[in-house]
Amino acid sequence: MRAKASMAILLIIGAWIVNFSLLYWSPGDVTSRYWGPEVDAVFLQNMRIEKGLHLSYWQQLVRWTGNLLRGDLGYSWTHHRPVMEIFAETLPATLQLALLALVIQFFVGGALGMLSALWKGRKFGMILDAASLAIYAMPSFWLAMLLIYFFSMKLNWLPASGMQSMFSTNFGLGEWLLDRAWHLFLPGSILGLVGAVATMRFVRARMIEQMNKPFVLLARAKGLSTGTILCRHIFKVALLPMVTQLGLAFPVLLSGTLVIEVVFAWPGMGRLVYEALLAKDYPVILAANFMTAVLVAGGNLLADFLYRLVDPRVRI
Amino acid sequence: MQKQSDKSEILHVSRLSVHYHDQKSVVRAVDDVSFSVKKGQTLAVVGESGCGKSTLALSLFRLLPPAGQLVSGQILLHGQDLATKSEKYMQAIRGKEIGLILQDALSALNPVLRIGTQIAELYQHHFRDDRRNAKRKALDMLAKVSLPNVERTYTLYPHQLSGGQRQRVAIALALACKPKLLVADEPTTALDVSLQNGILALLSNLQQEMGLAVLLISHDLGVVAQMADQIAVMYAGRIVEQGPSADVFQLPVHPYTKMLLEAMPRMLPGQGFKKTYRISGQNHEVPDLRNLPAGCAFAPRCPLRLPACSDILPTETAIRSNHIVRCLQSGQNQ
């Protein structure tokens, strides 16, 4: 476990350096947003000096790393507010989205995976399989736009964007919650669905892999029904690798929200990062990437820990 | 062969054929096989790998893989023909009337369920017992197969037991519901030789105690000699010789049976190490079940082959009471 933890720390350090390097070497900087006849070169140069962009690669890297180690995430260059403060505002919106998606991903994906393993080779199973592959292969922004077109434009059932209705501050608590849920439904399900098909394919493969094992034969020779064998005997064995998936899914999901948040104008961290990327807002990008790296490494560790917890074979 | 069915006959299989189909060909894994097993007795089915022994065992449970098909024949368990029963009926029978022991208990037991759970669920399923009753019965059963410290064993996972203990658990599991018939597919093959005797002794004790009919599948003639009352020798999906254990061991008729006995490391009393047949050099391979010769399947390997052997399929001939051979020359071979 100790070796795993040190690997995680190395991973975070590596990700930090790579992130900074990519930013540093990519063309343009925060001053690229300012252009026009009134913008003069001296103004831009002063801005660069103010932000430390005139320094060398190593000097900048040391400066940013030093700030990070001191716990100073800095001020956003575009919002002109502390990065911490902006994160604290946007994180809840993203968490709502990600948690709903996570629940959908594992419950719907797990159930569908079991069904498609059970129905393997049958007509309905093949339809399920084809549909899941189609969704799996679709870019999520395109799927999102299709569903917006259908549910929001054509049927007018669900809102096409935003997190709440206008004037929602006047709502009572019940109304307010309903309004939030109504807005959350479409982006949350799309994000969940995209994850669910991945989970489904994973569960399906694991279940089918287990089905020909001798222990399944013996379970059948005990007179157990297919349903019992599937839910009790196979699913439990197939579930173990799914736990590792759970640890890895969360960080992936947080980055997955980026696309959905942009499409749905969702005021979360994904959109914040997206805009920061366009503006070359170093403090926001670096801090967000650092957080993602920590989440990925932490998720890995968590998955490992959970696996030890659920698999009796690793417990001792 | 067709005897009057008497009360002590638990299982009577007649003219059973099982085929595997794939796109191109048909594999005749079990072909026209008949036998019966009586209460308290053991029938051993012997033969080399791929001769259809395990398929035979699975067909009794109607648990053939999807490509496998019961083509014809009857499987009478207490007079009920399992070959024609519904899946629901089979689910009620499996584990309750017929128990199965597989070769390797480590892969046959569920790796992530506790030993106790795996046995107790049989009682919950077949007798609708509640948790406590099921647990009590499972503990009794674990004690019956001489496992130490049953309370603790109950809570262990299969990987935490030794190989011999695991096979005892497998036996407890197969016999939990006091079945009439036990099908044991190579029950000791995966074990150290030093453990085999203990397992076999346990099996025969339980067999006597419960009046169990046992169908023992094995390629180990040592095990067979120890356990069997009747022996059926299988070759390429057919039973080529069948009879009382003493008869088959001492007066084998079919050349294949003779060859198997010769291949045994320990020779029979009085025969020393003299070899009457060599395992013929022409073809050591197990025959391809997709493409069997029209006549006797053993003909290509047979040291006594006659020209007619490749063309004429020998029928079952009784040479003594209960001793049946499929060989054109059975008259001369005795």
# chains A, B, ... in the order shown; residues from 1 in each chain; ligands from 1

$ residues_around --residues "stretch 104-110 of chain B" --least-positions-apart "3" --cutoff "12 Å" --atoms "only C-alpha atoms" --output "PDB file with N, CA and C atoms, in the first residue's frame"
ATOM      1  N   GLN A 210     -17.411 -15.201 -16.840  1.00  0.00           N
ATOM      2  CA  GLN A 210     -17.606 -16.092 -15.691  1.00  0.00           C
ATOM      3  C   GLN A 210     -18.546 -17.250 -15.994  1.00  0.00           C
ATOM      4  N   MET A 211     -19.419 -17.056 -16.990  1.00  0.00           N
ATOM      5  CA  MET A 211     -20.511 -18.011 -17.188  1.00  0.00           C
ATOM      6  C   MET A 211     -20.055 -19.430 -17.485  1.00  0.00           C
ATOM      7  N   ASN A 212     -18.890 -19.562 -18.088  1.00  0.00           N
ATOM      8  CA  ASN A 212     -18.428 -20.905 -18.437  1.00  0.00           C
ATOM      9  C   ASN A 212     -17.530 -21.515 -17.379  1.00  0.00           C
ATOM     10  N   LYS A 213     -17.415 -20.840 -16.236  1.00  0.00           N
ATOM     11  CA  LYS A 213     -16.540 -21.361 -15.194  1.00  0.00           C
ATOM     12  C   LYS A 213     -17.201 -22.555 -14.495  1.00  0.00           C
ATOM     13  N   PRO A 214     -16.368 -23.480 -13.985  1.00  0.00           N
ATOM     14  CA  PRO A 214     -16.929 -24.655 -13.312  1.00  0.00           C
ATOM     15  C   PRO A 214     -17.851 -24.305 -12.140  1.00  0.00           C
ATOM     16  N   PHE A 215     -17.564 -23.206 -11.453  1.00  0.00           N
ATOM     17  CA  PHE A 215     -18.412 -22.911 -10.294  1.00  0.00           C
ATOM     18  C   PHE A 215     -19.836 -22.578 -10.705  1.00  0.00           C
ATOM     19  N   VAL A 216     -19.998 -22.076 -11.927  1.00  0.00           N
ATOM     20  CA  VAL A 216     -21.348 -21.817 -12.433  1.00  0.00           C
ATOM     21  C   VAL A 216     -22.040 -23.138 -12.761  1.00  0.00           C
ATOM     22  N   LEU A 217     -21.282 -24.051 -13.345  1.00  0.00           N
ATOM     23  CA  LEU A 217     -21.823 -25.379 -13.637  1.00  0.00           C
ATOM     24  C   LEU A 217     -22.294 -26.041 -12.343  1.00  0.00           C
ATOM     25  N   LEU A 218     -21.474 -25.955 -11.311  1.00  0.00           N
ATOM     26  CA  LEU A 218     -21.837 -26.582 -10.044  1.00  0.00           C
ATOM     27  C   LEU A 218     -23.068 -25.902  -9.444  1.00  0.00           C
ATOM     28  N   ALA A 219     -23.111 -24.578  -9.565  1.00  0.00           N
ATOM     29  CA  ALA A 219     -24.275 -23.856  -9.049  1.00  0.00           C
ATOM     30  C   ALA A 219     -25.540 -24.331  -9.760  1.00  0.00           C
ATOM     31  N   ARG A 220     -25.419 -24.585 -11.062  1.00  0.00           N
ATOM     32  CA  ARG A 220     -26.588 -25.087 -11.784  1.00  0.00           C
ATOM     33  C   ARG A 220     -26.911 -26.509 -11.351  1.00  0.00           C
ATOM     34  N   ALA A 221     -25.857 -27.289 -11.088  1.00  0.00           N
ATOM     35  CA  ALA A 221     -26.074 -28.671 -10.654  1.00  0.00           C
ATOM     36  C   ALA A 221     -26.677 -28.722  -9.256  1.00  0.00           C
ATOM     37  N   LYS A 222     -26.643 -27.606  -8.545  1.00  0.00           N
ATOM     38  CA  LYS A 222     -27.290 -27.540  -7.244  1.00  0.00           C
ATOM     39  C   LYS A 222     -28.777 -27.272  -7.394  1.00  0.00           C
ATOM     40  N   ILE A 229     -28.372 -17.681  -9.882  1.00  0.00           N
ATOM     41  CA  ILE A 229     -26.960 -17.876 -10.213  1.00  0.00           C
ATOM     42  C   ILE A 229     -26.363 -16.562 -10.701  1.00  0.00           C
ATOM     43  N   ARG A 232     -26.495 -13.882  -7.652  1.00  0.00           N
ATOM     44  CA  ARG A 232     -25.810 -14.220  -6.422  1.00  0.00           C
ATOM     45  C   ARG A 232     -24.403 -14.730  -6.689  1.00  0.00           C
ATOM     46  N   HIS A 233     -24.295 -15.600  -7.680  1.00  0.00           N
ATOM     47  CA  HIS A 233     -23.004 -16.251  -7.882  1.00  0.00           C
ATOM     48  C   HIS A 233     -22.111 -15.504  -8.857  1.00  0.00           C
ATOM     49  N   ILE A 234     -22.669 -15.185 -10.024  1.00  0.00           N
ATOM     50  CA  ILE A 234     -21.809 -14.581 -11.040  1.00  0.00           C
ATOM     51  C   ILE A 234     -21.607 -13.104 -10.768  1.00  0.00           C
ATOM     52  N   PHE A 235     -22.697 -12.405 -10.416  1.00  0.00           N
ATOM     53  CA  PHE A 235     -22.589 -10.954 -10.286  1.00  0.00           C
ATOM     54  C   PHE A 235     -21.571 -10.583  -9.224  1.00  0.00           C
ATOM     55  N   LYS A 236     -21.539 -11.355  -8.164  1.00  0.00           N
ATOM     56  CA  LYS A 236     -20.610 -11.030  -7.092  1.00  0.00           C
ATOM     57  C   LYS A 236     -19.156 -11.161  -7.556  1.00  0.00           C
ATOM     58  N   VAL A 237     -18.908 -12.185  -8.347  1.00  0.00           N
ATOM     59  CA  VAL A 237     -17.549 -12.356  -8.871  1.00  0.00           C
ATOM     60  C   VAL A 237     -17.241 -11.266  -9.894  1.00  0.00           C
ATOM     61  N   ALA A 238     -18.245 -10.970 -10.714  1.00  0.00           N
ATOM     62  CA  ALA A 238     -18.047  -9.969 -11.759  1.00  0.00           C
ATOM     63  C   ALA A 238     -17.988  -8.561 -11.179  1.00  0.00           C
ATOM     64  N   PRO A 312     -12.433 -11.454  -0.901  1.00  0.00           N
ATOM     65  CA  PRO A 312     -11.867 -12.219   0.209  1.00  0.00           C
ATOM     66  C   PRO A 312     -10.484 -12.773  -0.120  1.00  0.00           C
ATOM     67  N   ARG A 313     -10.196 -12.933  -1.415  1.00  0.00           N
ATOM     68  CA  ARG A 313      -8.922 -13.538  -1.784  1.00  0.00           C
ATOM     69  C   ARG A 313      -7.748 -12.599  -1.569  1.00  0.00           C
TER      70      ARG A 313
ATOM     71  N   LEU B 100     -23.661 -33.677  -7.616  1.00  0.00           N
ATOM     72  CA  LEU B 100     -22.522 -33.698  -8.539  1.00  0.00           C
ATOM     73  C   LEU B 100     -21.251 -33.290  -7.804  1.00  0.00           C
ATOM     74  N   ILE B 101     -20.192 -34.055  -8.023  1.00  0.00           N
ATOM     75  CA  ILE B 101     -18.872 -33.655  -7.546  1.00  0.00           C
ATOM     76  C   ILE B 101     -17.989 -33.450  -8.763  1.00  0.00           C
ATOM     77  N   LEU B 113     -17.929 -16.556  -2.192  1.00  0.00           N
ATOM     78  CA  LEU B 113     -18.979 -16.851  -1.216  1.00  0.00           C
ATOM     79  C   LEU B 113     -18.411 -17.772  -0.148  1.00  0.00           C
ATOM     80  N   ARG B 114     -18.882 -17.576   1.082  1.00  0.00           N
ATOM     81  CA  ARG B 114     -18.391 -18.421   2.169  1.00  0.00           C
ATOM     82  C   ARG B 114     -18.851 -19.860   1.957  1.00  0.00           C
ATOM     83  N   ILE B 115     -18.012 -20.792   2.451  1.00  0.00           N
ATOM     84  CA  ILE B 115     -18.320 -22.218   2.356  1.00  0.00           C
ATOM     85  C   ILE B 115     -19.739 -22.491   2.852  1.00  0.00           C
ATOM     86  N   GLY B 116     -20.030 -21.942   4.037  1.00  0.00           N
ATOM     87  CA  GLY B 116     -21.318 -22.202   4.658  1.00  0.00           C
ATOM     88  C   GLY B 116     -22.466 -21.745   3.781  1.00  0.00           C
ATOM     89  N   THR B 117     -22.325 -20.543   3.232  1.00  0.00           N
ATOM     90  CA  THR B 117     -23.372 -19.993   2.378  1.00  0.00           C
ATOM     91  C   THR B 117     -23.652 -20.920   1.199  1.00  0.00           C
ATOM     92  N   GLN B 118     -22.579 -21.457   0.652  1.00  0.00           N
ATOM     93  CA  GLN B 118     -22.743 -22.270  -0.548  1.00  0.00           C
ATOM     94  C   GLN B 118     -23.459 -23.578  -0.262  1.00  0.00           C
ATOM     95  N   ILE B 119     -23.324 -24.077   0.969  1.00  0.00           N
ATOM     96  CA  ILE B 119     -24.048 -25.294   1.318  1.00  0.00           C
ATOM     97  C   ILE B 119     -25.456 -24.947   1.800  1.00  0.00           C
ATOM     98  N   LEU B 156     -15.394 -19.663   6.300  1.00  0.00           N
ATOM     99  CA  LEU B 156     -14.215 -19.471   5.453  1.00  0.00           C
ATOM    100  C   LEU B 156     -14.587 -19.421   3.977  1.00  0.00           C
ATOM    101  N   TYR B 157     -13.633 -18.925   3.192  1.00  0.00           N
ATOM    102  CA  TYR B 157     -13.782 -18.932   1.740  1.00  0.00           C
ATOM    103  C   TYR B 157     -12.986 -20.106   1.179  1.00  0.00           C
ATOM    104  N   PRO B 158     -13.352 -20.594  -0.013  1.00  0.00           N
ATOM    105  CA  PRO B 158     -12.689 -21.794  -0.539  1.00  0.00           C
ATOM    106  C   PRO B 158     -11.157 -21.709  -0.552  1.00  0.00           C
ATOM    107  N   HIS B 159     -10.605 -20.533  -0.871  1.00  0.00           N
ATOM    108  CA  HIS B 159      -9.147 -20.467  -0.992  1.00  0.00           C
ATOM    109  C   HIS B 159      -8.453 -20.612   0.347  1.00  0.00           C
ATOM    110  N   GLN B 160      -9.212 -20.506   1.440  1.00  0.00           N
ATOM    111  CA  GLN B 160      -8.591 -20.606   2.761  1.00  0.00           C
ATOM    112  C   GLN B 160      -8.473 -22.047   3.250  1.00  0.00           C
ATOM    113  N   LEU B 161      -9.017 -22.993   2.459  1.00  0.00           N
ATOM    114  CA  LEU B 161      -8.939 -24.393   2.855  1.00  0.00           C
ATOM    115  C   LEU B 161      -7.842 -25.101   2.061  1.00  0.00           C
ATOM    116  N   SER B 162      -7.439 -26.265   2.561  1.00  0.00           N
ATOM    117  CA  SER B 162      -6.492 -27.075   1.804  1.00  0.00           C
ATOM    118  C   SER B 162      -7.257 -27.852   0.726  1.00  0.00           C
ATOM    119  N   GLY B 163      -6.516 -28.420  -0.203  1.00  0.00           N
ATOM    120  CA  GLY B 163      -7.149 -29.138  -1.314  1.00  0.00           C
ATOM    121  C   GLY B 163      -8.063 -30.260  -0.841  1.00  0.00           C
ATOM    122  N   GLY B 164      -7.580 -31.037   0.130  1.00  0.00           N
ATOM    123  CA  GLY B 164      -8.384 -32.138   0.633  1.00  0.00           C
ATOM    124  C   GLY B 164      -9.640 -31.648   1.339  1.00  0.00           C
ATOM    125  N   GLN B 165      -9.489 -30.566   2.111  1.00  0.00           N
ATOM    126  CA  GLN B 165     -10.650 -30.002   2.808  1.00  0.00           C
ATOM    127  C   GLN B 165     -11.680 -29.480   1.815  1.00  0.00           C
ATOM    128  N   ARG B 166     -11.161 -28.853   0.757  1.00  0.00           N
ATOM    129  CA  ARG B 166     -12.076 -28.332  -0.266  1.00  0.00           C
ATOM    130  C   ARG B 166     -12.884 -29.450  -0.895  1.00  0.00           C
ATOM    131  N   GLN B 167     -12.211 -30.589  -1.179  1.00  0.00           N
ATOM    132  CA  GLN B 167     -12.948 -31.680  -1.806  1.00  0.00           C
ATOM    133  C   GLN B 167     -13.970 -32.246  -0.822  1.00  0.00           C
ATOM    134  N   ARG B 168     -13.663 -32.200   0.467  1.00  0.00           N
ATOM    135  CA  ARG B 168     -14.650 -32.618   1.461  1.00  0.00           C
ATOM    136  C   ARG B 168     -15.856 -31.679   1.447  1.00  0.00           C
ATOM    137  N   VAL B 169     -15.571 -30.407   1.304  1.00  0.00           N
ATOM    138  CA  VAL B 169     -16.671 -29.439   1.196  1.00  0.00           C
ATOM    139  C   VAL B 169     -17.513 -29.757  -0.034  1.00  0.00           C
ATOM    140  N   ALA B 170     -16.833 -30.081  -1.140  1.00  0.00           N
ATOM    141  CA  ALA B 170     -17.552 -30.397  -2.374  1.00  0.00           C
ATOM    142  C   ALA B 170     -18.446 -31.621  -2.173  1.00  0.00           C
ATOM    143  N   ILE B 171     -17.956 -32.589  -1.400  1.00  0.00           N
ATOM    144  CA  ILE B 171     -18.756 -33.781  -1.125  1.00  0.00           C
ATOM    145  C   ILE B 171     -19.958 -33.407  -0.250  1.00  0.00           C
ATOM    146  N   ALA B 172     -19.693 -32.589   0.767  1.00  0.00           N
ATOM    147  CA  ALA B 172     -20.779 -32.143   1.638  1.00  0.00           C
ATOM    148  C   ALA B 172     -21.855 -31.441   0.829  1.00  0.00           C
ATOM    149  N   LEU B 173     -21.400 -30.646  -0.123  1.00  0.00           N
ATOM    150  CA  LEU B 173     -22.320 -29.890  -0.951  1.00  0.00           C
ATOM    151  C   LEU B 173     -23.161 -30.819  -1.827  1.00  0.00           C
ATOM    152  N   ALA B 174     -22.491 -31.833  -2.404  1.00  0.00           N
ATOM    153  CA  ALA B 174     -23.191 -32.744  -3.310  1.00  0.00           C
ATOM    154  C   ALA B 174     -24.197 -33.603  -2.551  1.00  0.00           C
ATOM    155  N   ALA B 184     -19.946 -38.529  -9.556  1.00  0.00           N
ATOM    156  CA  ALA B 184     -18.638 -38.006  -9.154  1.00  0.00           C
ATOM    157  C   ALA B 184     -17.711 -38.035 -10.367  1.00  0.00           C
ATOM    158  N   ASP B 185     -17.433 -36.846 -10.898  1.00  0.00           N
ATOM    159  CA  ASP B 185     -16.612 -36.750 -12.103  1.00  0.00           C
ATOM    160  C   ASP B 185     -15.158 -36.536 -11.685  1.00  0.00           C
ATOM    161  N   GLU B 186     -14.367 -37.570 -11.746  1.00  0.00           N
ATOM    162  CA  GLU B 186     -12.952 -37.510 -11.364  1.00  0.00           C
ATOM    163  C   GLU B 186     -12.767 -36.871  -9.983  1.00  0.00           C
ATOM    164  N   PRO B 187     -13.376 -37.447  -8.948  1.00  0.00           N
ATOM    165  CA  PRO B 187     -13.383 -36.744  -7.650  1.00  0.00           C
ATOM    166  C   PRO B 187     -12.016 -36.623  -6.990  1.00  0.00           C
ATOM    167  N   THR B 188     -11.062 -37.442  -7.384  1.00  0.00           N
ATOM    168  CA  THR B 188      -9.769 -37.377  -6.694  1.00  0.00           C
ATOM    169  C   THR B 188      -8.621 -36.994  -7.612  1.00  0.00           C
ATOM    170  N   THR B 189      -8.932 -36.729  -8.868  1.00  0.00           N
ATOM    171  CA  THR B 189      -7.855 -36.505  -9.837  1.00  0.00           C
ATOM    172  C   THR B 189      -6.993 -35.296  -9.489  1.00  0.00           C
ATOM    173  N   ALA B 190      -7.639 -34.250  -8.933  1.00  0.00           N
ATOM    174  CA  ALA B 190      -6.885 -33.026  -8.662  1.00  0.00           C
ATOM    175  C   ALA B 190      -6.130 -33.091  -7.339  1.00  0.00           C
ATOM    176  N   LEU B 191      -6.261 -34.218  -6.629  1.00  0.00           N
ATOM    177  CA  LEU B 191      -5.669 -34.290  -5.285  1.00  0.00           C
ATOM    178  C   LEU B 191      -4.340 -35.030  -5.282  1.00  0.00           C
ATOM    179  N   ASP B 192      -3.546 -34.745  -4.261  1.00  0.00           N
ATOM    180  CA  ASP B 192      -2.341 -35.531  -4.028  1.00  0.00           C
ATOM    181  C   ASP B 192      -2.736 -36.979  -3.766  1.00  0.00           C
TER     182      ASP B 192
END

$ select_by_dssp --residues "stretch 23-227 of chain B" --states "helix (DSSP H, G or I)" --output "PyMOL selection string"
chain B and resi 53-61+82-84+87-93+105-108+115-126+131-144+150-154+158-160+163-175+193-210+221-227

$ residues_around --residues "A:Thr257" --least-positions-apart "6" --cutoff "9 Å" --atoms "only C-alpha atoms" --output "CSV table (one decimal) with N, CA and C atoms, in the first residue's frame"
chain,number,residue,atom,x,y,z
A,94,THR,N,-21.2,21.3,-10.4
A,94,THR,CA,-20.6,20.1,-11.1
A,94,THR,C,-20.8,18.8,-10.3
A,97,LEU,N,-24.2,17.3,-10.9
A,97,LEU,CA,-24.2,16.7,-12.2
A,97,LEU,C,-23.5,15.3,-12.1
A,98,ALA,N,-22.3,15.4,-11.6
A,98,ALA,CA,-21.4,14.2,-11.5
A,98,ALA,C,-22.0,13.1,-10.7
A,187,PRO,N,-28.9,17.0,-18.7
A,187,PRO,CA,-27.5,16.9,-18.7
A,187,PRO,C,-27.0,15.7,-17.8
A,191,LEU,N,-24.8,12.5,-19.3
A,191,LEU,CA,-23.5,12.2,-18.7
A,191,LEU,C,-23.6,10.7,-18.2
A,268,GLY,N,-20.8,25.2,-14.0
A,268,GLY,CA,-20.0,24.4,-13.1
A,268,GLY,C,-18.5,24.6,-13.4
A,269,MET,N,-17.7,23.7,-12.8
A,269,MET,CA,-16.3,23.8,-13.0
A,269,MET,C,-15.8,23.5,-14.4
A,270,GLY,N,-16.5,22.6,-15.0
A,270,GLY,CA,-16.2,22.2,-16.4
A,270,GLY,C,-16.2,23.4,-17.3
A,271,ARG,N,-17.3,24.2,-17.2
A,271,ARG,CA,-17.4,25.3,-18.1
A,271,ARG,C,-16.3,26.4,-17.7

$ select_by_dssp --residues "stretch 74-112 of chain B" --states "strand (DSSP E or B)" --output "list of chain:residue names"
B:Gln74, B:Ile75, B:Leu76, B:Leu77, B:Gln80, B:Asp81, B:Arg94, B:Ile98, B:Gly99, B:Leu100, B:Ile101

$ closest_atom_pairs --of "stretch 45-114 of chain B" --to "stretch 229-248 of chain B" --cutoff "8 Å" --atoms "only C-alpha atoms" --output "Markdown table"
| residue | atom | partner | partner_atom | distance |
| --- | --- | --- | --- | --- |
| B:Val45 | CA | B:Ala232 | CA | 4.8 |
| B:Val46 | CA | B:Val233 | CA | 4.9 |
| B:Gly47 | CA | B:Met234 | CA | 5.0 |
| B:Glu48 | CA | B:Tyr235 | CA | 7.5 |
| B:Gly50 | CA | B:Ala236 | CA | 7.5 |
| B:Cys51 | CA | B:Ala236 | CA | 4.6 |
| B:Gly52 | CA | B:Gly237 | CA | 5.0 |
| B:Lys53 | CA | B:Met234 | CA | 7.3 |

$ residues_around --residues "A:Ala205" --least-positions-apart "6" --cutoff "12 Å" --atoms "only C-alpha atoms" --output "PyMOL selection string"
chain A and resi 110+112-118+120+129+198-199+211+234-235+238-239+241-242

$ write_last_selection --atoms "N, CA and C atoms" --output "mmCIF file, in the first residue's frame"
data_model
loop_
_atom_site.group_PDB
_atom_site.id
_atom_site.type_symbol
_atom_site.label_atom_id
_atom_site.label_comp_id
_atom_site.auth_asym_id
_atom_site.auth_seq_id
_atom_site.Cartn_x
_atom_site.Cartn_y
_atom_site.Cartn_z
ATOM 1 N N GLY A 110 -24.944 -1.273 -14.593
ATOM 2 C CA GLY A 110 -24.812 -2.609 -14.011
ATOM 3 C C GLY A 110 -25.994 -3.490 -14.379
ATOM 4 N N LEU A 112 -28.142 -3.129 -16.894
ATOM 5 C CA LEU A 112 -28.160 -3.418 -18.329
ATOM 6 C C LEU A 112 -27.092 -4.442 -18.694
ATOM 7 N N GLY A 113 -25.948 -4.341 -18.043
ATOM 8 C CA GLY A 113 -24.874 -5.299 -18.314
ATOM 9 C C GLY A 113 -25.300 -6.719 -17.973
ATOM 10 N N MET A 114 -25.985 -6.857 -16.832
ATOM 11 C CA MET A 114 -26.473 -8.180 -16.436
ATOM 12 C C MET A 114 -27.494 -8.690 -17.434
ATOM 13 N N LEU A 115 -28.420 -7.806 -17.809
ATOM 14 C CA LEU A 115 -29.460 -8.229 -18.749
ATOM 15 C C LEU A 115 -28.851 -8.651 -20.074
ATOM 16 N N SER A 116 -27.902 -7.851 -20.561
ATOM 17 C CA SER A 116 -27.383 -8.178 -21.887
ATOM 18 C C SER A 116 -26.523 -9.440 -21.838
ATOM 19 N N ALA A 117 -25.935 -9.727 -20.666
ATOM 20 C CA ALA A 117 -25.213 -10.998 -20.530
ATOM 21 C C ALA A 117 -26.213 -12.151 -20.507
ATOM 22 N N LEU A 118 -27.314 -11.926 -19.807
ATOM 23 C CA LEU A 118 -28.349 -12.962 -19.703
ATOM 24 C C LEU A 118 -28.986 -13.221 -21.061
ATOM 25 N N LYS A 120 -27.690 -12.764 -23.959
ATOM 26 C CA LYS A 120 -26.677 -12.901 -25.012
ATOM 27 C C LYS A 120 -27.152 -13.880 -26.084
ATOM 28 N N ASP A 129 -27.291 -4.610 -27.181
ATOM 29 C CA ASP A 129 -25.862 -4.563 -27.449
ATOM 30 C C ASP A 129 -25.527 -3.527 -28.520
ATOM 31 N N ALA A 198 -20.530 2.308 -20.955
ATOM 32 C CA ALA A 198 -19.184 1.773 -20.703
ATOM 33 C C ALA A 198 -19.251 0.725 -19.586
ATOM 34 N N THR A 199 -19.946 1.082 -18.502
ATOM 35 C CA THR A 199 -20.097 0.129 -17.402
ATOM 36 C C THR A 199 -20.829 -1.122 -17.864
ATOM 37 N N MET A 211 -19.419 -17.056 -16.990
ATOM 38 C CA MET A 211 -20.511 -18.011 -17.188
ATOM 39 C C MET A 211 -20.055 -19.430 -17.485
ATOM 40 N N ILE A 234 -22.669 -15.185 -10.024
ATOM 41 C CA ILE A 234 -21.809 -14.581 -11.040
ATOM 42 C C ILE A 234 -21.607 -13.104 -10.768
ATOM 43 N N PHE A 235 -22.697 -12.405 -10.416
ATOM 44 C CA PHE A 235 -22.589 -10.954 -10.286
ATOM 45 C C PHE A 235 -21.571 -10.583 -9.224
ATOM 46 N N ALA A 238 -18.245 -10.970 -10.714
ATOM 47 C CA ALA A 238 -18.047 -9.969 -11.759
ATOM 48 C C ALA A 238 -17.988 -8.561 -11.179
ATOM 49 N N LEU A 239 -18.578 -8.405 -9.986
ATOM 50 C CA LEU A 239 -18.670 -7.088 -9.366
ATOM 51 C C LEU A 239 -17.303 -6.569 -8.921
ATOM 52 N N PRO A 241 -14.213 -6.414 -10.148
ATOM 53 C CA PRO A 241 -13.512 -5.435 -10.980
ATOM 54 C C PRO A 241 -14.308 -4.139 -11.142
ATOM 55 N N MET A 242 -15.626 -4.220 -10.931
ATOM 56 C CA MET A 242 -16.439 -3.018 -11.076
ATOM 57 C C MET A 242 -16.107 -2.013 -9.984
#

$ closest_residue --among "A:Val42, A:Leu240, A:Val263, A:Ile285" --to "chain B" --atoms "only C-alpha atoms"
A:Leu240

$ residues_around --residues "A:Gly192" --least-positions-apart "6" --cutoff "6 Å" --atoms "only C-alpha atoms" --output "list in words"
Ala101, Ile104 and Gln105 of chain A

$ write_last_selection --atoms "C-alpha atoms" --output "PDB file, in the first residue's frame"
ATOM      1  CA  ALA A 101     -24.371  10.637 -13.508  1.00  0.00           C
ATOM      2  CA  ILE A 104     -27.016   6.308 -13.279  1.00  0.00           C
ATOM      3  CA  GLN A 105     -23.769   4.921 -14.587  1.00  0.00           C
TER       4      GLN A 105
END

$ residues_around --residues "A:Asn19" --least-positions-apart "6" --cutoff "10 Å" --atoms "only C-alpha atoms" --output "count of residues only"
6

$ closest_residue --among "B:Arg28, B:His125, B:Lys178, B:Arg15" --to "chain A" --atoms "only C-alpha atoms"
B:His125

$ residues_around --residues "A:Phe250" --least-positions-apart "6" --cutoff "10 Å" --atoms "only C-alpha atoms" --output "list of chain:residue names"
A:Ala98, A:Leu99, A:Ala101, A:Leu102, A:Gly256, A:Thr292, A:Leu295, A:Val296, A:Gly299

$ write_last_selection --atoms "N, CA and C atoms" --output "tab-separated table (two decimals), in the first residue's frame"
chain	number	residue	atom	x	y	z
A	98	ALA	N	-22.29	15.36	-11.56
A	98	ALA	CA	-21.44	14.18	-11.54
A	98	ALA	C	-22.03	13.07	-10.67
A	99	LEU	N	-22.62	13.45	-9.55
A	99	LEU	CA	-23.16	12.42	-8.66
A	99	LEU	C	-24.37	11.74	-9.29
A	101	ALA	N	-24.90	11.45	-12.42
A	101	ALA	CA	-24.37	10.64	-13.51
A	101	ALA	C	-23.75	9.36	-12.96
A	102	LEU	N	-23.06	9.47	-11.84
A	102	LEU	CA	-22.40	8.31	-11.25
A	102	LEU	C	-23.43	7.25	-10.85
A	256	GLY	N	-15.52	14.64	-17.73
A	256	GLY	CA	-16.58	14.47	-18.72
A	256	GLY	C	-17.62	15.56	-18.62
A	292	THR	N	-7.74	17.65	-10.56
A	292	THR	CA	-8.08	16.43	-11.29
A	292	THR	C	-7.03	15.35	-11.06
A	295	LEU	N	-7.52	13.85	-7.81
A	295	LEU	CA	-8.68	12.97	-7.83
A	295	LEU	C	-8.37	11.63	-8.50
A	296	VAL	N	-7.66	11.68	-9.62
A	296	VAL	CA	-7.33	10.45	-10.33
A	296	VAL	C	-6.47	9.55	-9.45
A	299	GLY	N	-8.50	8.36	-6.56
A	299	GLY	CA	-9.46	7.36	-7.02
A	299	GLY	C	-8.79	6.00	-7.20
